[in-house]
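final15.cif follows (mmCIF, N, CA and C atoms):
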data_my_file
loop_
_atom_site.group_PDB
_atom_site.id
_atom_site.type_symbol
_atom_site.label_atom_id
_atom_site.label_comp_id
_atom_site.auth_asym_id
_atom_site.auth_seq_id
_atom_site.Cartn_x
_atom_site.Cartn_y
_atom_site.Cartn_z
ATOM 1 N N MET A 1 0.848 -1.176 0.000
ATOM 2 C CA MET A 1 0.000 0.000 0.000
ATOM 3 C C MET A 1 0.898 1.245 0.000
ATOM 4 N N THR A 2 0.572 2.178 -0.875
ATOM 5 C CA THR A 2 1.323 3.419 -0.987
ATOM 6 C C THR A 2 0.504 4.561 -0.400
ATOM 7 N N ILE A 3 1.139 5.324 0.439
ATOM 8 C CA ILE A 3 0.465 6.485 1.025
ATOM 9 C C ILE A 3 0.950 7.722 0.278
ATOM 10 N N GLU A 4 0.018 8.455 -0.283
ATOM 11 C CA GLU A 4 0.373 9.678 -1.012
ATOM 12 C C GLU A 4 0.492 10.842 -0.035
ATOM 13 N N THR A 5 1.583 11.554 -0.139
ATOM 14 C CA THR A 5 1.823 12.711 0.713
ATOM 15 C C THR A 5 1.604 13.982 -0.095
ATOM 16 N N ARG A 6 0.828 14.884 0.454
ATOM 17 C CA ARG A 6 0.615 16.182 -0.182
ATOM 18 C C ARG A 6 1.347 17.235 0.627
ATOM 19 N N HIS A 7 2.080 18.074 -0.074
ATOM 20 C CA HIS A 7 2.825 19.139 0.588
ATOM 21 C C HIS A 7 1.984 20.407 0.620
ATOM 22 N N LYS A 8 2.123 21.134 1.709
ATOM 23 C CA LYS A 8 1.363 22.367 1.884
ATOM 24 C C LYS A 8 2.322 23.495 2.202
ATOM 25 N N ARG A 9 2.078 24.654 1.637
ATOM 26 C CA ARG A 9 2.898 25.841 1.896
ATOM 27 C C ARG A 9 2.043 26.857 2.659
ATOM 28 N N PHE A 10 2.647 27.453 3.686
ATOM 29 C CA PHE A 10 1.987 28.469 4.500
ATOM 30 C C PHE A 10 2.757 29.770 4.383
ATOM 31 N N SER A 11 2.061 30.878 4.387
ATOM 32 C CA SER A 11 2.693 32.195 4.386
ATOM 33 C C SER A 11 2.688 32.749 5.806
ATOM 34 N N LEU A 12 3.671 33.554 6.113
ATOM 35 C CA LEU A 12 3.790 34.136 7.446
ATOM 36 C C LEU A 12 2.786 35.258 7.664
ATOM 37 N N CYS A 13 2.449 35.461 8.925
ATOM 38 C CA CYS A 13 1.610 36.601 9.285
ATOM 39 C C CYS A 13 2.221 37.269 10.509
ATOM 40 N N MET A 14 1.754 38.478 10.791
ATOM 41 C CA MET A 14 2.273 39.232 11.916
ATOM 42 C C MET A 14 1.131 39.554 12.881
ATOM 43 N N ASP A 15 1.338 39.259 14.145
ATOM 44 C CA ASP A 15 0.387 39.625 15.184
ATOM 45 C C ASP A 15 0.565 41.115 15.475
ATOM 46 N N ILE A 16 -0.480 41.891 15.257
ATOM 47 C CA ILE A 16 -0.374 43.348 15.385
ATOM 48 C C ILE A 16 -0.035 43.753 16.821
ATOM 49 N N ASP A 17 -0.767 43.223 17.785
ATOM 50 C CA ASP A 17 -0.495 43.584 19.183
ATOM 51 C C ASP A 17 0.903 43.161 19.607
ATOM 52 N N GLY A 18 1.338 41.997 19.166
ATOM 53 C CA GLY A 18 2.678 41.522 19.497
ATOM 54 C C GLY A 18 3.752 42.428 18.925
ATOM 55 N N PHE A 19 3.552 42.874 17.676
ATOM 56 C CA PHE A 19 4.533 43.770 17.074
ATOM 57 C C PHE A 19 4.613 45.083 17.846
ATOM 58 N N VAL A 20 3.463 45.665 18.142
ATOM 59 C CA VAL A 20 3.436 46.951 18.847
ATOM 60 C C VAL A 20 4.049 46.819 20.238
ATOM 61 N N ARG A 21 3.761 45.727 20.906
ATOM 62 C CA ARG A 21 4.269 45.501 22.263
ATOM 63 C C ARG A 21 5.790 45.287 22.280
ATOM 64 N N ASN A 22 6.326 44.615 21.269
ATOM 65 C CA ASN A 22 7.729 44.204 21.290
ATOM 66 C C ASN A 22 8.681 45.075 20.476
ATOM 67 N N ASN A 23 8.174 46.101 19.836
ATOM 68 C CA ASN A 23 9.027 46.951 19.005
ATOM 69 C C ASN A 23 8.886 48.402 19.404
ATOM 70 N N ARG A 24 9.994 49.124 19.332
ATOM 71 C CA ARG A 24 10.014 50.534 19.745
ATOM 72 C C ARG A 24 9.726 51.440 18.569
ATOM 73 N N PHE A 25 8.899 52.428 18.815
ATOM 74 C CA PHE A 25 8.582 53.442 17.814
ATOM 75 C C PHE A 25 9.518 54.625 18.045
ATOM 76 N N PRO A 26 10.094 55.211 17.044
ATOM 77 C CA PRO A 26 9.976 54.925 15.610
ATOM 78 C C PRO A 26 11.055 53.982 15.080
ATOM 79 N N ARG A 27 12.059 53.692 15.916
ATOM 80 C CA ARG A 27 13.229 52.949 15.446
ATOM 81 C C ARG A 27 12.874 51.636 14.745
ATOM 82 N N ASP A 28 12.060 50.795 15.361
ATOM 83 C CA ASP A 28 11.765 49.474 14.815
ATOM 84 C C ASP A 28 10.702 49.485 13.710
ATOM 85 N N TYR A 29 10.143 50.629 13.417
ATOM 86 C CA TYR A 29 9.133 50.746 12.370
ATOM 87 C C TYR A 29 9.754 51.186 11.041
ATOM 88 N N ARG A 30 11.038 51.520 11.046
ATOM 89 C CA ARG A 30 11.702 52.040 9.844
ATOM 90 C C ARG A 30 11.966 50.926 8.841
ATOM 91 N N ASN A 31 11.694 51.232 7.566
ATOM 92 C CA ASN A 31 12.002 50.340 6.443
ATOM 93 C C ASN A 31 11.402 48.944 6.585
ATOM 94 N N LEU A 32 10.265 48.843 7.250
ATOM 95 C CA LEU A 32 9.669 47.539 7.490
ATOM 96 C C LEU A 32 8.367 47.331 6.724
ATOM 97 N N PHE A 33 7.609 48.399 6.539
ATOM 98 C CA PHE A 33 6.301 48.291 5.895
ATOM 99 C C PHE A 33 6.299 49.002 4.546
ATOM 100 N N ARG A 34 5.551 48.428 3.599
ATOM 101 C CA ARG A 34 5.409 49.032 2.272
ATOM 102 C C ARG A 34 3.944 49.118 1.913
ATOM 103 N N ASP A 35 3.610 50.111 1.067
ATOM 104 C CA ASP A 35 2.232 50.210 0.584
ATOM 105 C C ASP A 35 2.081 49.319 -0.651
ATOM 106 N N ASP A 36 0.899 49.336 -1.261
ATOM 107 C CA ASP A 36 0.613 48.473 -2.401
ATOM 108 C C ASP A 36 1.489 48.762 -3.611
ATOM 109 N N SER A 37 2.015 49.972 -3.700
ATOM 110 C CA SER A 37 2.867 50.327 -4.839
ATOM 111 C C SER A 37 4.341 49.968 -4.589
ATOM 112 N N GLY A 38 4.663 49.531 -3.372
ATOM 113 C CA GLY A 38 6.033 49.172 -3.035
ATOM 114 C C GLY A 38 6.812 50.259 -2.334
ATOM 115 N N ARG A 39 6.184 51.417 -2.116
ATOM 116 C CA ARG A 39 6.847 52.519 -1.428
ATOM 117 C C ARG A 39 6.972 52.195 0.056
ATOM 118 N N THR A 40 8.161 52.437 0.619
ATOM 119 C CA THR A 40 8.387 52.206 2.043
ATOM 120 C C THR A 40 7.655 53.263 2.859
ATOM 121 N N LEU A 41 6.915 52.816 3.864
ATOM 122 C CA LEU A 41 6.168 53.733 4.724
ATOM 123 C C LEU A 41 7.072 54.315 5.798
ATOM 124 N N SER A 42 6.820 55.557 6.133
ATOM 125 C CA SER A 42 7.526 56.168 7.259
ATOM 126 C C SER A 42 7.035 55.492 8.545
ATOM 127 N N PRO A 43 7.763 55.618 9.636
ATOM 128 C CA PRO A 43 7.288 55.037 10.893
ATOM 129 C C PRO A 43 5.884 55.521 11.280
ATOM 130 N N ALA A 44 5.601 56.812 11.089
ATOM 131 C CA ALA A 44 4.275 57.337 11.432
ATOM 132 C C ALA A 44 3.195 56.725 10.544
ATOM 133 N N GLU A 45 3.484 56.572 9.255
ATOM 134 C CA GLU A 45 2.514 55.955 8.347
ATOM 135 C C GLU A 45 2.291 54.487 8.701
ATOM 136 N N ALA A 46 3.366 53.796 9.068
ATOM 137 C CA ALA A 46 3.255 52.388 9.439
ATOM 138 C C ALA A 46 2.400 52.226 10.695
ATOM 139 N N ARG A 47 2.634 53.081 11.688
ATOM 140 C CA ARG A 47 1.835 53.009 12.915
ATOM 141 C C ARG A 47 0.368 53.303 12.624
ATOM 142 N N ALA A 48 0.107 54.254 11.747
ATOM 143 C CA ALA A 48 -1.272 54.574 11.367
ATOM 144 C C ALA A 48 -1.936 53.386 10.669
ATOM 145 N N GLU A 49 -1.206 52.716 9.780
ATOM 146 C CA GLU A 49 -1.759 51.549 9.081
ATOM 147 C C GLU A 49 -2.080 50.421 10.056
ATOM 148 N N LEU A 50 -1.213 50.197 11.034
ATOM 149 C CA LEU A 50 -1.498 49.176 12.040
ATOM 150 C C LEU A 50 -2.744 49.531 12.841
ATOM 151 N N SER A 51 -2.929 50.811 13.146
ATOM 152 C CA SER A 51 -4.130 51.259 13.864
ATOM 153 C C SER A 51 -5.383 51.035 13.027
ATOM 154 N N ILE A 52 -5.289 51.283 11.733
ATOM 155 C CA ILE A 52 -6.426 51.062 10.833
ATOM 156 C C ILE A 52 -6.790 49.578 10.796
ATOM 157 N N GLU A 53 -5.779 48.728 10.707
ATOM 158 C CA GLU A 53 -6.031 47.280 10.681
ATOM 159 C C GLU A 53 -6.704 46.830 11.981
ATOM 160 N N LYS A 54 -6.251 47.356 13.110
ATOM 161 C CA LYS A 54 -6.894 47.034 14.396
ATOM 162 C C LYS A 54 -8.338 47.516 14.433
ATOM 163 N N ALA A 55 -8.592 48.715 13.897
ATOM 164 C CA ALA A 55 -9.953 49.252 13.864
ATOM 165 C C ALA A 55 -10.873 48.391 13.010
ATOM 166 N N ARG A 56 -10.325 47.723 12.032
ATOM 167 C CA ARG A 56 -11.103 46.800 11.182
ATOM 168 C C ARG A 56 -11.386 45.481 11.902
ATOM 169 N N GLY A 57 -10.837 45.320 13.083
ATOM 170 C CA GLY A 57 -11.050 44.100 13.853
ATOM 171 C C GLY A 57 -10.044 43.007 13.564
ATOM 172 N N ARG A 58 -8.962 43.334 12.894
ATOM 173 C CA ARG A 58 -7.960 42.344 12.520
ATOM 174 C C ARG A 58 -6.927 42.175 13.629
ATOM 175 N N LYS A 59 -6.570 40.918 13.895
ATOM 176 C CA LYS A 59 -5.552 40.614 14.906
ATOM 177 C C LYS A 59 -4.214 40.319 14.259
ATOM 178 N N VAL A 60 -4.231 39.729 13.073
ATOM 179 C CA VAL A 60 -3.006 39.413 12.344
ATOM 180 C C VAL A 60 -3.124 39.946 10.923
ATOM 181 N N ILE A 61 -1.979 40.240 10.318
ATOM 182 C CA ILE A 61 -1.950 40.688 8.928
ATOM 183 C C ILE A 61 -0.939 39.836 8.168
ATOM 184 N N PRO A 62 -1.179 39.621 6.870
ATOM 185 C CA PRO A 62 -0.251 38.790 6.094
ATOM 186 C C PRO A 62 1.079 39.485 5.867
ATOM 187 N N MET A 63 2.134 38.695 5.795
ATOM 188 C CA MET A 63 3.468 39.223 5.512
ATOM 189 C C MET A 63 3.869 38.925 4.063
ATOM 190 N N SER A 64 2.919 38.470 3.276
ATOM 191 C CA SER A 64 3.165 38.144 1.879
ATOM 192 C C SER A 64 2.124 38.838 1.020
ATOM 193 N N ALA A 65 2.564 39.379 -0.104
ATOM 194 C CA ALA A 65 1.638 40.013 -1.035
ATOM 195 C C ALA A 65 0.716 38.978 -1.668
ATOM 196 N N GLU A 66 1.070 37.704 -1.575
ATOM 197 C CA GLU A 66 0.251 36.644 -2.159
ATOM 198 C C GLU A 66 -0.958 36.303 -1.293
ATOM 199 N N CYS A 67 -0.947 36.707 -0.040
ATOM 200 C CA CYS A 67 -2.037 36.362 0.879
ATOM 201 C C CYS A 67 -3.167 37.382 0.806
ATOM 202 N N GLY A 68 -4.337 36.907 1.059
ATOM 203 C CA GLY A 68 -5.506 37.766 1.117
ATOM 204 C C GLY A 68 -6.753 36.931 1.290
ATOM 205 N N ASN A 69 -7.875 37.593 1.263
ATOM 206 C CA ASN A 69 -9.144 36.893 1.337
ATOM 207 C C ASN A 69 -10.132 37.624 0.458
ATOM 208 N N PRO A 70 -10.473 37.095 -0.699
ATOM 209 C CA PRO A 70 -10.173 35.742 -1.175
ATOM 210 C C PRO A 70 -8.716 35.590 -1.572
ATOM 211 N N CYS A 71 -8.260 34.340 -1.579
ATOM 212 C CA CYS A 71 -6.862 34.047 -1.880
ATOM 213 C C CYS A 71 -6.689 33.717 -3.355
ATOM 214 N N GLN A 72 -5.578 34.178 -3.920
ATOM 215 C CA GLN A 72 -5.293 33.873 -5.317
ATOM 216 C C GLN A 72 -4.918 32.405 -5.509
ATOM 217 N N HIS A 73 -4.726 31.670 -4.402
ATOM 218 C CA HIS A 73 -4.387 30.252 -4.462
ATOM 219 C C HIS A 73 -5.574 29.363 -4.079
ATOM 220 N N ALA A 74 -6.778 29.870 -4.210
ATOM 221 C CA ALA A 74 -7.970 29.104 -3.842
ATOM 222 C C ALA A 74 -8.046 27.784 -4.616
ATOM 223 N N GLY A 75 -7.560 27.775 -5.844
ATOM 224 C CA GLY A 75 -7.564 26.554 -6.646
ATOM 225 C C GLY A 75 -6.658 25.473 -6.087
ATOM 226 N N ASN A 76 -5.764 25.833 -5.191
ATOM 227 C CA ASN A 76 -4.848 24.871 -4.570
ATOM 228 C C ASN A 76 -5.231 24.570 -3.124
ATOM 229 N N GLY A 77 -6.458 24.861 -2.764
ATOM 230 C CA GLY A 77 -6.957 24.489 -1.444
ATOM 231 C C GLY A 77 -6.934 25.553 -0.377
ATOM 232 N N CYS A 78 -6.477 26.758 -0.681
ATOM 233 C CA CYS A 78 -6.462 27.810 0.334
ATOM 234 C C CYS A 78 -7.867 28.382 0.493
ATOM 235 N N THR A 79 -8.312 28.493 1.720
ATOM 236 C CA THR A 79 -9.643 29.030 2.000
ATOM 237 C C THR A 79 -9.629 30.523 2.255
ATOM 238 N N GLY A 80 -8.463 31.149 2.193
ATOM 239 C CA GLY A 80 -8.353 32.592 2.403
ATOM 240 C C GLY A 80 -7.757 32.925 3.758
ATOM 241 N N PHE A 81 -7.064 34.033 3.806
ATOM 242 C CA PHE A 81 -6.378 34.483 5.016
ATOM 243 C C PHE A 81 -7.378 34.778 6.120
ATOM 244 N N ASP A 82 -7.092 34.316 7.328
ATOM 245 C CA ASP A 82 -7.943 34.539 8.495
ATOM 246 C C ASP A 82 -7.359 35.675 9.329
ATOM 247 N N TYR A 83 -7.937 36.862 9.193
ATOM 248 C CA TYR A 83 -7.457 38.047 9.900
ATOM 249 C C TYR A 83 -7.789 38.018 11.392
ATOM 250 N N ALA A 84 -8.666 37.104 11.813
ATOM 251 C CA ALA A 84 -9.077 37.042 13.215
ATOM 252 C C ALA A 84 -8.037 36.386 14.110
ATOM 253 N N GLY A 85 -6.981 35.799 13.526
ATOM 254 C CA GLY A 85 -5.947 35.266 14.380
ATOM 255 C C GLY A 85 -5.228 34.035 13.875
ATOM 256 N N LYS A 86 -5.817 33.285 12.966
ATOM 257 C CA LYS A 86 -5.169 32.058 12.505
ATOM 258 C C LYS A 86 -4.244 32.274 11.320
ATOM 259 N N GLY A 87 -4.411 33.354 10.593
ATOM 260 C CA GLY A 87 -3.517 33.660 9.480
ATOM 261 C C GLY A 87 -3.754 32.810 8.256
ATOM 262 N N CYS A 88 -2.675 32.386 7.621
ATOM 263 C CA CYS A 88 -2.720 31.640 6.369
ATOM 264 C C CYS A 88 -3.067 30.172 6.633
ATOM 265 N N PRO A 89 -4.136 29.657 6.015
ATOM 266 C CA PRO A 89 -4.485 28.248 6.205
ATOM 267 C C PRO A 89 -3.633 27.305 5.357
ATOM 268 N N GLY A 90 -2.869 27.846 4.437
ATOM 269 C CA GLY A 90 -1.986 27.033 3.607
ATOM 270 C C GLY A 90 -2.623 26.634 2.292
ATOM 271 N N ARG A 91 -1.752 26.239 1.353
ATOM 272 C CA ARG A 91 -2.205 25.790 0.043
ATOM 273 C C ARG A 91 -1.359 24.599 -0.370
ATOM 274 N N TYR A 92 -1.950 23.698 -1.148
ATOM 275 C CA TYR A 92 -1.225 22.520 -1.615
ATOM 276 C C TYR A 92 -0.282 22.914 -2.741
ATOM 277 N N ILE A 93 0.901 22.311 -2.752
ATOM 278 C CA ILE A 93 1.897 22.596 -3.772
ATOM 279 C C ILE A 93 2.394 21.271 -4.359
ATOM 280 N N ASP A 94 3.015 21.347 -5.528
ATOM 281 C CA ASP A 94 3.636 20.180 -6.131
ATOM 282 C C ASP A 94 4.853 19.780 -5.316
ATOM 283 N N GLU A 95 5.169 18.517 -5.337
ATOM 284 C CA GLU A 95 6.315 18.021 -4.563
ATOM 285 C C GLU A 95 7.611 18.686 -4.998
ATOM 286 N N GLU A 96 7.748 19.007 -6.302
ATOM 287 C CA GLU A 96 8.949 19.659 -6.784
ATOM 288 C C GLU A 96 9.135 21.048 -6.175
ATOM 289 N N ALA A 97 8.032 21.720 -5.867
ATOM 290 C CA ALA A 97 8.094 23.065 -5.308
ATOM 291 C C ALA A 97 8.398 23.050 -3.808
ATOM 292 N N ALA A 98 8.252 21.891 -3.196
ATOM 293 C CA ALA A 98 8.479 21.779 -1.744
ATOM 294 C C ALA A 98 9.912 21.914 -1.469
#
Take the structure in this file and express it as structure tokens.
Amino acid sequence: MTIETRHKRFSLCMDIDGFVRNNRFPRDYRNLFRDDSGRTLSPAEARAELSIEKARGRKVIPMSAECGNPCQHAGNGCTGFDYAGKGCPGRYIDEEAA
């Protein structure tokens, strides 16, 4: 009997409260966040974006541009990023990509 193994890839996420608690403003906010166009956010802009995400009720945010809800990898089994705390549920990948 052969057991087939499926590989799954997960993307990282960041806990907003954990980041704010463990990093100093403005020093640790420099060169860390980017907007959708790729421009690096200033520390003040980054802190404002984190506040906006918290106001939306989000506990975690994706650290990959590939993550979201709906997910662009839905065809590979991803159910979409969970902003409430679980993050990326993962997607199936080919064994060669593992």
>> Please return as an NGL selection string every residue within 12 Å of (-1.0, 48.2, 9.9), taking into account only C-alpha atoms and the file's own coordinates.
In response: :A and (13-17 or 19-20 or 29 or 32-35 or 41-63)
> Nearest to Gly80 (chain A): which of A:Cys67, A:Tyr92, A:Arg6, A:Asn31 is it, counting all atoms listed in the file?
Replying inline: A:Cys67
>> Using Å and a single decimal, report how far CA of Arg91 (chain A) sits from CA of Gln72 (chain A).
In response: 10.2 Å
> What do you get, as a PyMOL selection string, if you spell out every residue that the PyMOL selection byres ((chain A and resi 10) around 6.5) selects here?
Replying inline: chain A and resi 8-9+11-12+88-91
> DSSP on the backbone: what in region 2-59 of chain A comes out strand (DSSP E or B), as a list in words?
Replying inline: His7, Lys8, Arg9, Cys13, Met14, Asp15, Arg34 and Thr40 of chain A
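Relative to atom N of Glu4 (chain A), atom N of Thr79 (chain A) is found at 21.8 Å.
What separates atom N of Glu66 (chain A) from atom C of Lys86 (chain A) is a distance of 15.0 Å.
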>> To test your reading of the structure, identify every residue in chain A that backbone DSSP assigns to alpha helix (DSSP H), and report it as JSON, numbers by chain.
In response: {"A": [16, 17, 18, 19, 20, 21, 22, 43, 44, 45, 46, 47, 48, 49, 50, 51, 52, 53, 54, 55]}
Around all the atoms of region 74-92 of chain A listed in the file, draw an axis-aligned box and extend it by 6 Å on each of the six sides; I want its centre and edge lengths in Å to one decimal, as JSON.
{"center_x": -5.0, "center_y": 30.3, "center_z": 3.9, "size_x": 21.4, "size_y": 27.5, "size_z": 33.0}
